[in-house]
$ cat run21.cif   # mmCIF, C-alpha atoms
data_query
loop_
_atom_site.label_atom_id
_atom_site.label_comp_id
_atom_site.auth_asym_id
_atom_site.auth_seq_id
_atom_site.Cartn_x
_atom_site.Cartn_y
_atom_site.Cartn_z
CA MET A 114 0.00 0.00 0.00
CA GLU A 115 1.34 3.43 -0.97
CA CYS A 116 2.43 5.62 1.92
CA MET A 117 1.19 9.13 1.17
CA SER A 118 1.16 12.45 2.95
CA LEU A 119 -0.30 15.82 1.95
CA VAL A 120 1.51 19.13 2.43
CA GLN A 121 0.69 22.71 1.45
CA GLY A 122 4.20 23.68 0.29
CA ALA A 123 7.02 21.78 -1.43
CA PRO A 124 10.39 22.87 -2.88
CA PHE A 125 11.48 22.09 -6.44
CA GLU A 126 14.61 22.36 -8.57
CA LEU A 127 14.48 22.69 -12.35
CA GLN A 128 17.02 21.09 -14.65
CA ALA A 129 18.38 22.76 -17.78
CA PHE A 130 18.07 20.68 -20.94
CA ALA A 131 21.63 21.68 -21.90
CA ARG A 132 24.05 22.12 -19.01
CA GLU A 133 24.02 25.67 -17.57
CA PRO A 134 26.69 25.74 -14.82
CA ASP A 135 26.37 29.50 -14.28
CA PHE A 136 22.70 29.37 -13.25
CA ALA A 137 20.28 27.62 -10.92
CA LEU A 138 16.49 27.69 -11.00
CA THR A 139 14.74 26.59 -7.83
CA GLY A 140 11.54 27.44 -6.05
CA GLU A 141 8.55 26.38 -4.02
CA LEU A 142 5.05 25.27 -4.93
CA ASP A 143 2.06 25.89 -2.69
CA PHE A 144 -1.48 24.59 -3.17
CA LYS A 145 -4.43 25.30 -0.93
CA ALA A 146 -8.18 25.66 -1.53
CA GLY A 147 -7.76 25.58 -5.31
CA LEU A 148 -5.13 28.35 -5.33
CA LEU A 149 -1.78 27.38 -6.85
CA ARG A 150 1.25 29.54 -6.12
CA VAL A 151 4.63 28.92 -7.73
CA ASP A 152 7.68 30.86 -6.52
CA TYR A 153 10.65 30.74 -8.91
CA GLU A 154 14.17 31.85 -7.99
CA LEU A 155 16.68 32.22 -10.81
CA SER A 156 20.21 32.79 -9.55
CA GLY A 157 23.60 33.24 -11.17
CA SER A 158 25.19 35.56 -13.73
CA LEU A 159 21.99 37.44 -14.49
CA ALA A 160 23.80 40.22 -16.38
CA SER A 161 24.21 37.75 -19.27
CA LEU A 162 20.45 37.19 -19.48
CA LYS A 163 17.77 39.17 -21.28
CA PHE A 164 14.68 40.21 -19.35
CA PRO A 165 11.75 42.45 -20.29
CA ALA A 166 11.37 45.66 -18.34
CA ALA A 167 9.83 45.43 -14.89
CA PRO A 168 6.07 46.02 -14.96
CA SER A 169 4.82 49.58 -14.60
CA ALA A 170 1.16 48.53 -14.52
CA ALA A 171 -0.96 45.40 -14.35
CA GLY A 172 0.09 42.80 -16.93
CA HIS A 173 -2.04 41.76 -19.87
CA ARG A 174 -2.98 38.46 -21.49
CA THR A 175 -0.28 38.14 -24.17
CA ALA A 176 0.48 35.43 -26.73
CA ARG A 177 3.80 33.73 -27.44
CA LEU A 178 5.50 34.73 -24.20
CA TRP A 179 7.70 31.63 -24.46
CA GLU A 180 9.69 33.30 -27.25
CA HIS A 181 11.53 35.23 -24.52
CA THR A 182 12.26 34.67 -20.82
CA CYS A 183 9.10 33.10 -19.44
CA PHE A 184 8.17 31.16 -16.31
CA GLU A 185 5.58 28.45 -16.85
CA PHE A 186 3.67 25.57 -15.37
CA PHE A 187 1.37 22.90 -16.78
CA VAL A 188 -1.61 21.26 -15.06
CA GLY A 189 -3.27 18.05 -16.21
CA LEU A 190 -6.18 15.97 -14.99
CA GLU A 191 -5.00 12.59 -13.77
CA ASN A 192 -5.72 9.83 -16.31
CA GLN A 193 -7.21 12.30 -18.80
CA GLU A 194 -5.71 13.91 -21.89
CA SER A 195 -6.77 17.52 -21.31
CA TYR A 196 -4.34 19.95 -19.68
CA TRP A 197 -3.55 23.65 -19.19
CA GLU A 198 -0.48 25.81 -19.74
CA PHE A 199 0.20 28.97 -17.70
CA ASN A 200 2.84 31.52 -18.77
CA ALA A 201 4.25 34.48 -16.84
CA SER A 202 6.70 37.06 -18.15
CA PRO A 203 8.87 39.12 -15.79
CA SER A 204 7.11 42.09 -17.44
CA GLY A 205 3.88 41.04 -15.70
CA ASP A 206 2.21 39.84 -18.91
CA TRP A 207 0.61 36.40 -18.75
CA ALA A 208 -1.26 33.69 -20.63
CA ALA A 209 -3.42 30.67 -19.80
CA TYR A 210 -4.23 28.03 -22.42
CA ARG A 211 -6.31 24.88 -22.50
CA PHE A 212 -5.41 21.82 -24.61
CA ASP A 213 -7.73 18.92 -25.44
CA SER A 214 -4.79 16.51 -25.73
CA TYR A 215 -1.06 16.61 -26.47
CA ARG A 216 -0.46 19.93 -28.30
CA THR A 217 -3.96 19.88 -29.86
CA GLY A 218 -7.00 22.10 -29.36
CA MET A 219 -5.01 25.01 -27.93
CA ARG A 220 -7.14 27.99 -26.93
CA ASP A 221 -7.26 30.68 -24.26
CA GLU A 222 -8.71 29.43 -20.97
CA ALA A 223 -11.81 31.58 -20.46
CA GLY A 224 -12.07 30.68 -16.78
CA ILE A 225 -8.85 32.56 -16.00
CA SER A 226 -9.23 36.34 -16.28
CA SER A 227 -5.86 37.21 -14.70
CA LEU A 228 -2.76 35.76 -13.07
CA ARG A 229 -1.10 37.45 -10.13
CA ILE A 230 2.59 37.94 -10.89
CA SER A 231 5.14 39.65 -8.68
CA ARG A 232 8.82 40.23 -9.43
CA LYS A 233 11.59 40.51 -6.84
CA ALA A 234 15.15 41.26 -7.87
CA GLN A 235 18.43 41.60 -6.00
CA THR A 236 22.06 41.12 -6.96
CA GLY A 237 22.38 37.77 -8.70
CA ILE A 238 18.77 36.68 -8.03
CA LEU A 239 15.48 37.16 -9.86
CA GLY A 240 12.36 35.98 -8.06
CA ILE A 241 9.01 35.52 -9.79
CA GLU A 242 5.85 34.60 -7.90
CA LEU A 243 2.96 33.32 -10.00
CA GLU A 244 -0.48 32.68 -8.54
CA ALA A 245 -3.38 31.02 -10.37
CA ARG A 246 -6.91 30.33 -9.14
CA LEU A 247 -7.32 26.82 -10.53
CA GLN A 248 -10.75 26.57 -8.90
CA ASP A 249 -11.98 29.16 -11.44
CA ILE A 250 -11.64 26.51 -14.17
CA SER A 251 -14.85 24.49 -13.98
CA GLU A 252 -13.32 21.24 -15.27
CA ILE A 253 -10.55 21.35 -12.66
CA ARG A 254 -12.99 22.30 -9.90
CA GLU A 255 -15.29 19.40 -10.79
CA HIS A 256 -12.37 16.98 -11.04
CA LEU A 257 -11.04 17.88 -7.60
CA SER A 258 -14.49 17.42 -6.06
CA LYS A 259 -14.16 13.66 -6.63
CA PRO A 260 -12.66 11.56 -3.80
CA GLU A 261 -8.88 11.17 -4.16
CA ALA A 262 -8.88 12.85 -7.59
CA GLU A 263 -5.49 14.27 -8.53
CA LEU A 264 -3.94 16.87 -10.79
CA VAL A 265 -0.47 16.40 -12.27
CA VAL A 266 1.82 19.42 -12.59
CA GLY A 267 4.94 20.24 -14.57
CA ILE A 268 7.03 23.32 -13.76
CA THR A 269 9.15 24.86 -16.51
CA ALA A 270 10.92 28.01 -17.68
CA VAL A 271 12.49 29.49 -20.79
CA VAL A 272 15.50 31.75 -20.19
CA GLU A 273 16.83 34.04 -22.92
CA LYS A 274 20.45 35.15 -23.03
CA ASN A 275 21.68 38.49 -24.33
CA ASP A 276 23.00 36.76 -27.46
CA GLY A 277 19.50 35.44 -28.23
CA LYS A 278 20.22 31.84 -27.24
CA MET A 279 17.55 30.11 -25.15
CA SER A 280 17.83 27.63 -22.31
CA TYR A 281 14.97 25.32 -21.39
CA TRP A 282 14.30 24.27 -17.80
CA ALA A 283 11.94 21.65 -16.39
CA LEU A 284 11.55 19.20 -13.52
CA ALA A 285 12.72 16.54 -16.00
CA HIS A 286 13.46 16.16 -19.71
CA PRO A 287 12.24 12.67 -20.75
CA GLN A 288 12.82 13.22 -24.49
CA THR A 289 15.87 13.89 -26.66
CA LYS A 290 14.70 17.50 -27.17
CA PRO A 291 12.95 19.93 -24.81
CA ASP A 292 9.20 19.28 -24.68
CA PHE A 293 7.34 20.96 -21.85
CA HIS A 294 4.07 19.31 -22.98
CA ASP A 295 5.37 15.80 -22.28
CA ARG A 296 3.14 14.38 -19.53
CA ALA A 297 6.05 12.24 -18.31
CA ALA A 298 7.49 15.46 -16.83
CA PHE A 299 4.28 16.38 -14.97
CA SER A 300 5.73 14.82 -11.83
CA ILE A 301 4.05 16.81 -9.03
CA ARG A 302 0.68 15.50 -7.84
CA LEU A 303 -2.01 17.65 -6.24
CA ARG A 304 -5.22 16.83 -4.43
CA LYS A 305 -7.70 19.43 -3.22
CA GLU A 306 -6.19 19.09 0.27
CA GLY A 307 -2.62 19.77 -0.84
CA ILE A 308 0.52 18.40 -2.53
CA VAL A 309 0.99 14.63 -2.54
CA GLN A 310 4.32 13.40 -1.19
#
$ encode --input "run21.cif" --output "structure tokens"
Amino acid sequence: MECMSLVQGAPFELQAFAREPDFALTGELDFKAGLLRVDYELSGSLASLKFPAAPSAAGHRTARLWEHTCFEFFVGLENQESYWEFNASPSGDWAAYRFDSYRTGMRDEAGISSLRISRKAQTGILGIELEARLQDISEIREHLSKPEAELVVGITAVVEKNDGKMSYWALAHPQTKPDFHDRAAFSIRLRKEGIVQ
């Protein structure tokens, strides 16, 4: 019988697809009452990286954020093909998409009208906090109302360098090329009561 415990917060460490010895990307995930918060901390030689300007006003829903530095997470329903992608730019702009199955049926998620994004910077460290109200998505809310129903989560990031090269970060890279949509990398499990450990 599986030994399982539920917690509200859990640390994570992302791995670069190609080795990036000058950087580390760590953070903490928190899930409570349908609210998912992901805190990212990128540390290292940040002067060699390209970031959009800090936000001067509330961010906007914006397409193709992954073409530049972008912090992301993916949420899937356990044992179902549908899933969601959430993107956050350090500029404060954001996106939320729904997919019917692997990379198909992509469209804006109407249940999400905003994401709360905050940016904290100090020498050698960029912190991004991303908060999403998953309970505002009816399919997720209904799924979590079932006994022992779980969500599966992947945490990822795209980091752009000043020379235009990109590095791709995830909890794991199961394939021979970066693929954030690969369900094999959705390795964090959530129940409505918290994070499964």
$ resolve_selection --input "run21.cif" --expression "the PyMOL selection byres ((chain A and resi 214) around 8)" --output "list in words"
Glu194, Ser195, Tyr196, Phe212, Asp213, Tyr215, Arg216, Thr217 and Gly218 of chain A
$ write_last_selection --input "run21.cif" --atoms "C-alpha atoms" --output "CSV table (one decimal), in the coordinates of the input"
chain,number,residue,atom,x,y,z
A,194,GLU,CA,-5.7,13.9,-21.9
A,195,SER,CA,-6.8,17.5,-21.3
A,196,TYR,CA,-4.3,20.0,-19.7
A,212,PHE,CA,-5.4,21.8,-24.6
A,213,ASP,CA,-7.7,18.9,-25.4
A,215,TYR,CA,-1.1,16.6,-26.5
A,216,ARG,CA,-0.5,19.9,-28.3
A,217,THR,CA,-4.0,19.9,-29.9
A,218,GLY,CA,-7.0,22.1,-29.4
$ resolve_selection --input "run21.cif" --expression "the PyMOL selection byres ((chain A and resi 243) around 8)" --output "MDAnalysis selection string"
chainID A and resid 150:152 201 228:231 241:242 244:245
$ resolve_selection --input "run21.cif" --expression "the PyMOL selection byres ((chain A and resi 178) around 10)" --output "PyMOL selection string"
chain A and resi 174-177+179-185+200-202+206-208+271
$ atom_distance --input "run21.cif" --atom1 "CA of Arg211 (chain A)" --atom2 "CA of Leu303 (chain A)"
18.3 Å
$ closest_residue --input "run21.cif" --among "A:Lys305, A:Glu126, A:Ile238, A:Phe199" --to "Ile225 (chain A)" --atoms "all atoms listed in the file"
A:Phe199
$ closest_residue --input "run21.cif" --among "A:Gly237, A:Gly122, A:Gly307, A:Pro203" --to "Val272 (chain A)" --atoms "only C-alpha atoms"
A:Pro203
$ closest_residue --input "run21.cif" --among "A:Ala131, A:Met117, A:Ser158, A:Asn192" --to "Ala262 (chain A)" --atoms "all atoms listed in the file"
A:Asn192
$ atom_distance --input "run21.cif" --atom1 "CA of Ile308 (chain A)" --atom2 "CA of Arg220 (chain A)"
27.3 Å
$ closest_residue --input "run21.cif" --among "A:Glu222, A:Asp249, A:Leu257, A:Val188" --to "Asp295 (chain A)" --atoms "all atoms listed in the file"
A:Val188
$ atom_distance --input "run21.cif" --atom1 "CA of Ser156 (chain A)" --atom2 "CA of Thr289 (chain A)"
25.9 Å
$ axis_aligned_box --input "run21.cif" --around "region 198-213 of chain A" --padding-each-side "6 Å" --output "lines of an AutoDock Vina configuration file"
center_x = 0.6
center_y = 30.5
center_z = -20.6
size_x = 28.6
size_y = 35.2
size_z = 21.7
